[in-house]
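Structure first, then comments.
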Amino acid sequence: MFEYSRPASHQRTGGLTAGTALVNAWVEVLGEQAEGLPSGEHEDRELIDRIRALEELKAAASAAQARAAAVFDASQRRKQAEAGAPREELGRGVAFQIALARRESPSRGGRLLGFAKVLAEEMPCTLHALTRGKISEWRATLLVRETACLSLEDRRRVDEEVAGNPDVLETLGDRQIISRARGAAYRLDPSAAVKRAAKAESERFVSCRPAPDTMTYLTGLLPVAQGVGVFAALSREADRLRASGDSRGRGQIMADTLVERVTGQAEAGQLKVEVQLVMTDRTLFGGDSEPAAVPGYGPVPAQWARDLVRGRRRRQEPGRDTRGAKPGEGREQQDRESGREPSLEQGAGRTTKRDKQDERWLRRLYTDPDTGELVAMDSRARLFPTSLGRFIAARDQTCRMPWCGAPIRHLDHIRPHRDGGETSTANGQGLCEACNQAKEAPGWKARTVDTPGKSGPHTVETTTPTGHTYRSTAPPLPGTRVENSQDDRLGSEERAGAATGSRGRSGSPAPKGFLERCIVDLVWAA
């Protein structure tokens, strides 16, 4: 999905590039020897020696990366200042270049750059131990983290006290390193604990990550009093409902109560959201097993997707139909037991109150069976961005910057609008806020890649100020055959014109299946 290429001058000799060529040679040697490892009991000692040597090499490489990152940051800041960049914008885009080079997300790149600068400028003893392979990159990170709230002078004192003797530092585990660094910090600066607490509280957040089996992890980092209070309130409600005969498990009740109290819904299953479900017509109508995809989540089982479209994804626990109901009990029986008026649920040929609560808005997306490109989309939902924005978001799913994967926050013109870039699916990409801002730094360029004679996934090539290029290809949609060769992964600038109001651009292949053609015709007729 992502590709990287070096600038043409990368292999020249002299200076830093000669060192880079030497490191590349080491990588090749290690790769060539990977299949030639000795086997047999008499070689076990050699294998352990090799494992230790490689671990020390990893640590030394981490130290070399940190030094290079710190020097690169200083060089970029100097060049940006010479170019007349405002002082507050110096260093813009540096962390993102480091992230791309290390195949990491931009947020991770920022943390790596901060870690590198602290090691190179403020903690020489830790850097020396890392260079000699006495500690791992993670344990060096622990020392940096535990001294983050100290002044420069106190930080260097802790560094010398804890990491001054590399041979002793090598014998310490994670907890021992944390304990020694934290104890020294509290002794030198008694207010460090207060500073750490204030800093930690300022970093509170809520995140949502995909989990297996069409579930998600909703995580909140809260101050201890608030976190314990939330958990206690959910626990009390679970105990109360369990005591009154609720058949759900304690954890189920707590999860449902969390959703109900946060969203304000009477029941967790009544939450109104838009799910941009991407699936093939064969999955939707023909019972095919090809998985569907939910942008921002990933693939979901075909039957689960069909049930969602048909409105059957009501909350049902094993052994009951709905909350607290026994098998075979209908909606009227549940209404009588709960005290609700049946008249609100009945009435042939009209929309009832329960129907309004349970309604689902689905935006249908259709793909070309040959290229995997989106070719049509209807628009029945309300109060959301324009169709073009939805089209791009459904195609890209997450931020298109290589190795980022953050949720899409901005729709970006690949060729800037100020330079004549058109507002189209071909010239648009979904980016997170941080990547979009970094892309605007001096020296960054981006373009769409068009492979002559081929029509494939949308591909964007990004060039950094150092001349390195990275290619990002839109993820394959359901029903699309994934190619492994480089040529097959390269995208085309020719996009279907459904989102902009045309039946398709010149040269764009049309859906060839009879059912696909019928669906597209019906959508466009609507």
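Identifiers in the structure tokens: chain A, B, ... in order shown; residue index from 1 per chain; ligand index from 1 in order shown.
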
Spatial neighbours of A:Asp239, 12 Å, only C-alpha atoms, chain gap at least 3 places, as a PyMOL selection string: chain A and resi 232-236+242-254+257

Env of stretch 94-109 of chain A: 9 Å cut, atoms = only C-alpha atoms, seq-sep filter 6 positions within chain, self excluded. Answer as a list in words.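 What passes the distance filter is Tyr4, Ala69, Phe72, Asp73, Gln76, Arg77, Met401, Pro402, Trp403, Cys404, Gly405, Ala406, Ala434, Cys435, Ala438, Lys439, Thr464, Pro465, Thr466, His468 and Tyr470 of chain A.
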
Save the residues we just selected, N, CA and C atoms, as an mmCIF file, in the first residue's frame?
data_model
loop_
_atom_site.group_PDB
_atom_site.id
_atom_site.type_symbol
_atom_site.label_atom_id
_atom_site.label_comp_id
_atom_site.auth_asym_id
_atom_site.auth_seq_id
_atom_site.Cartn_x
_atom_site.Cartn_y
_atom_site.Cartn_z
ATOM 1 N N TYR A 4 8.400 3.490 -1.205
ATOM 2 C CA TYR A 4 9.419 4.499 -0.901
ATOM 3 C C TYR A 4 10.529 4.395 -1.928
ATOM 4 N N ALA A 69 18.675 12.120 13.709
ATOM 5 C CA ALA A 69 17.432 12.884 13.769
ATOM 6 C C ALA A 69 17.665 14.268 14.367
ATOM 7 N N PHE A 72 19.480 16.347 11.795
ATOM 8 C CA PHE A 72 18.564 16.678 10.708
ATOM 9 C C PHE A 72 17.609 17.794 11.122
ATOM 10 N N ASP A 73 17.114 17.726 12.358
ATOM 11 C CA ASP A 73 16.214 18.771 12.841
ATOM 12 C C ASP A 73 16.908 20.127 12.859
ATOM 13 N N GLN A 76 17.355 21.365 9.208
ATOM 14 C CA GLN A 76 16.112 21.830 8.602
ATOM 15 C C GLN A 76 15.670 23.171 9.192
ATOM 16 N N ARG A 77 15.824 23.327 10.480
ATOM 17 C CA ARG A 77 15.459 24.596 11.111
ATOM 18 C C ARG A 77 16.333 25.734 10.581
ATOM 19 N N MET A 401 -1.536 9.671 4.194
ATOM 20 C CA MET A 401 -0.089 9.797 4.361
ATOM 21 C C MET A 401 0.458 8.429 4.768
ATOM 22 N N PRO A 402 1.520 7.954 4.116
ATOM 23 C CA PRO A 402 2.032 6.615 4.413
ATOM 24 C C PRO A 402 2.275 6.387 5.902
ATOM 25 N N TRP A 403 1.831 5.223 6.372
ATOM 26 C CA TRP A 403 2.014 4.735 7.739
ATOM 27 C C TRP A 403 1.325 5.589 8.798
ATOM 28 N N CYS A 404 0.373 6.429 8.406
ATOM 29 C CA CYS A 404 -0.328 7.239 9.401
ATOM 30 C C CYS A 404 -1.510 6.462 9.966
ATOM 31 N N GLY A 405 -2.578 6.305 9.191
ATOM 32 C CA GLY A 405 -3.723 5.529 9.641
ATOM 33 C C GLY A 405 -4.665 6.256 10.569
ATOM 34 N N ALA A 406 -4.468 7.566 10.790
ATOM 35 C CA ALA A 406 -5.362 8.328 11.659
ATOM 36 C C ALA A 406 -6.683 8.595 10.938
ATOM 37 N N ALA A 434 -2.955 16.832 11.245
ATOM 38 C CA ALA A 434 -1.503 17.022 11.363
ATOM 39 C C ALA A 434 -0.799 16.821 10.029
ATOM 40 N N CYS A 435 -1.172 15.791 9.279
ATOM 41 C CA CYS A 435 -0.515 15.526 7.998
ATOM 42 C C CYS A 435 -0.837 16.612 6.982
ATOM 43 N N ALA A 438 1.414 19.524 7.830
ATOM 44 C CA ALA A 438 2.813 19.252 7.506
ATOM 45 C C ALA A 438 3.052 19.342 6.009
ATOM 46 N N LYS A 439 2.088 18.918 5.215
ATOM 47 C CA LYS A 439 2.220 18.941 3.769
ATOM 48 C C LYS A 439 2.362 20.355 3.221
ATOM 49 N N THR A 464 9.290 14.737 -0.219
ATOM 50 C CA THR A 464 9.699 15.552 0.918
ATOM 51 C C THR A 464 10.789 16.541 0.490
ATOM 52 N N PRO A 465 11.120 17.519 1.341
ATOM 53 C CA PRO A 465 12.161 18.494 0.987
ATOM 54 C C PRO A 465 13.516 17.873 0.686
ATOM 55 N N THR A 466 13.792 16.666 1.179
ATOM 56 C CA THR A 466 15.090 16.030 0.912
ATOM 57 C C THR A 466 15.098 15.265 -0.404
ATOM 58 N N HIS A 468 13.157 12.576 -1.131
ATOM 59 C CA HIS A 468 12.651 11.221 -0.999
ATOM 60 C C HIS A 468 11.175 11.197 -1.384
ATOM 61 N N TYR A 470 7.417 8.993 -1.568
ATOM 62 C CA TYR A 470 6.621 7.944 -0.947
ATOM 63 C C TYR A 470 5.290 7.868 -1.685
#

Residues within 10 Å of stretch 125-132 of chain A, only C-alpha atoms, excluding chain neighbours under 4 positions, as a ChimeraX atom specification: /A:56-64,66-67,116,118-121,136-137,139-141,143-144,156,158-167,169-170

Selection from above, N, CA, C and O atoms, as a compact mmCIF listing (two decimals), in the first residue's frame, can you write it?
# COMPACT_ATOMS: atom_id res chain seq x y z
N GLU A 56 22.59 -5.76 20.78
CA GLU A 56 23.46 -4.60 20.98
C GLU A 56 23.54 -3.77 19.71
O GLU A 56 23.62 -2.53 19.77
N LEU A 57 23.50 -4.44 18.56
CA LEU A 57 23.49 -3.71 17.29
C LEU A 57 22.22 -2.88 17.15
O LEU A 57 22.25 -1.73 16.68
N LYS A 58 21.09 -3.45 17.56
CA LYS A 58 19.83 -2.71 17.52
C LYS A 58 19.91 -1.45 18.39
O LYS A 58 19.46 -0.37 17.99
N ALA A 59 20.48 -1.60 19.59
CA ALA A 59 20.61 -0.44 20.48
C ALA A 59 21.53 0.61 19.88
O ALA A 59 21.23 1.81 19.91
N ALA A 60 22.67 0.17 19.34
CA ALA A 60 23.60 1.12 18.72
C ALA A 60 22.95 1.81 17.53
O ALA A 60 23.15 3.01 17.29
N ALA A 61 22.16 1.06 16.76
CA ALA A 61 21.46 1.67 15.63
C ALA A 61 20.44 2.70 16.10
O ALA A 61 20.26 3.75 15.48
N SER A 62 19.76 2.43 17.23
CA SER A 62 18.81 3.40 17.78
C SER A 62 19.53 4.69 18.18
O SER A 62 19.01 5.79 17.95
N ALA A 63 20.70 4.54 18.78
CA ALA A 63 21.47 5.74 19.15
C ALA A 63 21.89 6.51 17.91
O ALA A 63 21.84 7.75 17.88
N ALA A 64 22.32 5.79 16.87
CA ALA A 64 22.71 6.45 15.63
C ALA A 64 21.52 7.16 14.99
O ALA A 64 21.65 8.27 14.46
N ALA A 66 18.99 8.40 16.62
CA ALA A 66 18.71 9.58 17.44
C ALA A 66 19.66 10.73 17.10
O ALA A 66 19.23 11.88 16.97
N ARG A 67 20.93 10.43 16.95
CA ARG A 67 21.89 11.48 16.59
C ARG A 67 21.55 12.07 15.22
O ARG A 67 21.58 13.29 15.03
N ALA A 116 14.90 11.88 20.48
CA ALA A 116 16.25 12.03 19.91
C ALA A 116 16.90 13.33 20.37
O ALA A 116 18.09 13.35 20.74
N VAL A 118 16.30 15.09 23.09
CA VAL A 118 16.63 15.04 24.51
C VAL A 118 17.90 14.22 24.72
O VAL A 118 18.80 14.62 25.48
N LEU A 119 17.99 13.07 24.07
CA LEU A 119 19.19 12.25 24.22
C LEU A 119 20.44 12.99 23.76
O LEU A 119 21.48 12.99 24.44
N ALA A 120 20.36 13.61 22.60
CA ALA A 120 21.54 14.24 22.01
C ALA A 120 21.95 15.51 22.73
O ALA A 120 23.14 15.84 22.77
N GLU A 121 21.01 16.21 23.32
CA GLU A 121 21.31 17.53 23.89
C GLU A 121 21.29 17.59 25.40
O GLU A 121 21.89 18.49 25.99
N SER A 136 18.37 -0.92 25.94
CA SER A 136 17.55 -0.90 24.73
C SER A 136 16.96 0.49 24.52
O SER A 136 16.99 1.36 25.41
N GLU A 137 16.42 0.71 23.35
CA GLU A 137 15.77 1.98 23.06
C GLU A 137 14.60 2.22 24.02
O GLU A 137 14.36 3.36 24.44
N ARG A 139 14.29 1.26 27.18
CA ARG A 139 14.76 1.68 28.51
C ARG A 139 15.34 3.08 28.47
O ARG A 139 15.24 3.82 29.45
N ALA A 140 15.92 3.46 27.36
CA ALA A 140 16.34 4.86 27.22
C ALA A 140 15.11 5.77 27.21
O ALA A 140 15.13 6.87 27.77
N THR A 141 14.04 5.31 26.58
CA THR A 141 12.79 6.08 26.56
C THR A 141 12.24 6.25 27.96
O THR A 141 11.71 7.32 28.31
N LEU A 143 13.96 6.49 30.75
CA LEU A 143 14.74 7.52 31.42
C LEU A 143 14.34 8.92 30.94
O LEU A 143 14.25 9.86 31.74
N VAL A 144 14.11 9.04 29.65
CA VAL A 144 13.68 10.34 29.12
C VAL A 144 12.32 10.71 29.68
O VAL A 144 12.08 11.86 30.07
N ARG A 156 20.20 16.53 33.81
CA ARG A 156 21.55 16.04 33.59
C ARG A 156 22.11 15.37 34.85
O ARG A 156 22.88 14.41 34.76
N VAL A 158 20.28 13.68 37.11
CA VAL A 158 19.64 12.36 37.15
C VAL A 158 20.27 11.44 36.11
O VAL A 158 20.51 10.25 36.36
N ASP A 159 20.56 11.97 34.95
CA ASP A 159 21.18 11.18 33.89
C ASP A 159 22.52 10.64 34.35
O ASP A 159 22.83 9.46 34.15
N GLU A 160 23.31 11.48 34.98
CA GLU A 160 24.63 11.05 35.44
C GLU A 160 24.52 10.06 36.59
O GLU A 160 25.27 9.08 36.67
N GLU A 161 23.54 10.28 37.48
CA GLU A 161 23.37 9.40 38.64
C GLU A 161 22.88 8.01 38.24
O GLU A 161 23.37 7.00 38.76
N VAL A 162 21.93 7.94 37.32
CA VAL A 162 21.33 6.65 36.97
C VAL A 162 22.10 5.96 35.85
O VAL A 162 22.28 4.73 35.88
N ALA A 163 22.55 6.72 34.86
CA ALA A 163 23.17 6.13 33.67
C ALA A 163 24.66 6.39 33.58
O ALA A 163 25.28 6.07 32.55
N GLY A 164 25.25 6.94 34.63
CA GLY A 164 26.67 7.28 34.57
C GLY A 164 27.56 6.06 34.45
O GLY A 164 28.65 6.13 33.86
N ASN A 165 27.13 4.94 35.01
CA ASN A 165 27.90 3.70 34.92
C ASN A 165 27.15 2.72 34.02
O ASN A 165 26.21 2.05 34.46
N PRO A 166 27.52 2.59 32.75
CA PRO A 166 26.77 1.73 31.81
C PRO A 166 26.72 0.28 32.25
O PRO A 166 25.73 -0.42 32.00
N ASP A 167 27.79 -0.21 32.92
CA ASP A 167 27.80 -1.60 33.34
C ASP A 167 26.76 -1.88 34.41
O ASP A 167 26.16 -2.95 34.44
N LEU A 169 23.98 0.07 34.79
CA LEU A 169 22.71 0.32 34.12
C LEU A 169 22.24 -0.91 33.34
O LEU A 169 21.05 -1.20 33.27
N GLU A 170 23.20 -1.65 32.80
CA GLU A 170 22.87 -2.83 32.01
C GLU A 170 22.17 -3.89 32.85
O GLU A 170 21.38 -4.68 32.32

Can I get the residues of stretch 230-273 of chain A within 12 Å of stretch 206-221 of chain A, each with the closest pair of atoms and their distance in Å to one decimal, using only C-alpha atoms, sorted chain first then ascending number, as a Markdown table?
| residue | atom | partner | partner_atom | distance |
| --- | --- | --- | --- | --- |
| A:Val230 | CA | A:Gly220 | CA | 10.5 |
| A:Phe231 | CA | A:Gly220 | CA | 11.3 |
| A:Ala255 | CA | A:Leu218 | CA | 10.2 |
| A:Leu258 | CA | A:Leu218 | CA | 10.4 |
| A:Val259 | CA | A:Leu218 | CA | 10.4 |

Could you turn the residues from that selection into a file that holds all heavy atoms, as a PDB file, in the first residue's frame?
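Saved as again_29.pdb:
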ATOM      1  N   VAL A 230     -16.508   7.250  37.342  1.00  0.00           N
ATOM      2  CA  VAL A 230     -17.285   6.726  36.214  1.00  0.00           C
ATOM      3  C   VAL A 230     -17.503   5.225  36.365  1.00  0.00           C
ATOM      4  O   VAL A 230     -18.618   4.713  36.192  1.00  0.00           O
ATOM      5  CB  VAL A 230     -16.565   7.036  34.882  1.00  0.00           C
ATOM      6  CG1 VAL A 230     -17.227   6.278  33.718  1.00  0.00           C
ATOM      7  CG2 VAL A 230     -16.584   8.530  34.600  1.00  0.00           C
ATOM      8  N   PHE A 231     -16.443   4.506  36.704  1.00  0.00           N
ATOM      9  CA  PHE A 231     -16.554   3.055  36.839  1.00  0.00           C
ATOM     10  C   PHE A 231     -17.492   2.682  37.988  1.00  0.00           C
ATOM     11  O   PHE A 231     -18.290   1.742  37.875  1.00  0.00           O
ATOM     12  CB  PHE A 231     -15.179   2.449  37.072  1.00  0.00           C
ATOM     13  CG  PHE A 231     -15.157   0.949  37.022  1.00  0.00           C
ATOM     14  CD1 PHE A 231     -15.076   0.284  35.810  1.00  0.00           C
ATOM     15  CD2 PHE A 231     -15.225   0.194  38.186  1.00  0.00           C
ATOM     16  CE1 PHE A 231     -15.067  -1.103  35.746  1.00  0.00           C
ATOM     17  CE2 PHE A 231     -15.218  -1.192  38.135  1.00  0.00           C
ATOM     18  CZ  PHE A 231     -15.140  -1.837  36.913  1.00  0.00           C
ATOM     19  N   ALA A 255     -21.634  -1.681  29.823  1.00  0.00           N
ATOM     20  CA  ALA A 255     -21.373  -1.160  28.479  1.00  0.00           C
ATOM     21  C   ALA A 255     -22.602  -0.453  27.925  1.00  0.00           C
ATOM     22  O   ALA A 255     -22.504   0.648  27.353  1.00  0.00           O
ATOM     23  CB  ALA A 255     -20.950  -2.301  27.559  1.00  0.00           C
ATOM     24  N   LEU A 258     -23.145   2.905  29.683  1.00  0.00           N
ATOM     25  CA  LEU A 258     -22.193   3.911  29.216  1.00  0.00           C
ATOM     26  C   LEU A 258     -22.689   4.559  27.933  1.00  0.00           C
ATOM     27  O   LEU A 258     -22.689   5.788  27.796  1.00  0.00           O
ATOM     28  CB  LEU A 258     -20.827   3.262  28.994  1.00  0.00           C
ATOM     29  CG  LEU A 258     -19.748   4.149  28.377  1.00  0.00           C
ATOM     30  CD1 LEU A 258     -19.392   5.287  29.327  1.00  0.00           C
ATOM     31  CD2 LEU A 258     -18.509   3.333  28.026  1.00  0.00           C
ATOM     32  N   VAL A 259     -23.126   3.746  26.967  1.00  0.00           N
ATOM     33  CA  VAL A 259     -23.628   4.282  25.705  1.00  0.00           C
ATOM     34  C   VAL A 259     -24.857   5.146  25.941  1.00  0.00           C
ATOM     35  O   VAL A 259     -24.989   6.252  25.387  1.00  0.00           O
ATOM     36  CB  VAL A 259     -23.950   3.133  24.727  1.00  0.00           C
ATOM     37  CG1 VAL A 259     -24.608   3.672  23.464  1.00  0.00           C
ATOM     38  CG2 VAL A 259     -22.688   2.366  24.373  1.00  0.00           C
TER      39      VAL A 259
END

For A:Glu433: contacts at 7 Å, only C-alpha atoms, fewer than 4 positions along chain excluded, given as a count of residues only: 3

Env of A:Gly430: 7 Å cut, atoms = only C-alpha atoms, seq-sep filter 3 positions within chain, self excluded. Answer as a PyMOL selection string. chain A and resi 392-393+396+398-400+408+410-412

Selected residues written out with C-alpha atoms, as a CSV table (one decimal), in the first residue's frame:
chain,number,residue,atom,x,y,z
A,392,ILE,CA,-13.2,10.5,-1.1
A,393,ALA,CA,-13.6,9.5,2.6
A,396,ASP,CA,-9.4,6.5,1.3
A,398,THR,CA,-8.1,6.6,6.8
A,399,CYS,CA,-5.4,9.3,6.4
A,400,ARG,CA,-3.5,8.7,3.1
A,408,ILE,CA,-9.6,11.6,8.1
A,410,HIS,CA,-9.4,17.2,6.2
A,411,LEU,CA,-10.1,16.8,2.5
A,412,ASP,CA,-6.9,18.0,0.7

Can you work out the spacing between atom CA of A:Ser387 and atom CA of A:Gln303 in Å, to one decimal? 27.2 Å

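Distance-wise, atom CA of A:Ala85 and atom CA of A:Arg471 end up 27.6 Å apart.
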
Take atom CA of A:Lys199 and atom CA of A:Ser151 and report the distance between them in Å, one decimal.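 That distance, rounded to one decimal, is 14.5 Å.
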
Using only C-alpha atoms, which residue out of A:Pro190, A:Pro301, A:Gly286, A:Pro223 lies closest to A:Glu203? A:Pro223

Which residue out of A:Gly389, A:Gly420, A:Pro442, A:Gly114 has the minimum interatomic distance to A:Pro86 when only C-alpha atoms are used?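 Selected residue with least distance to A:Pro86: A:Pro442.
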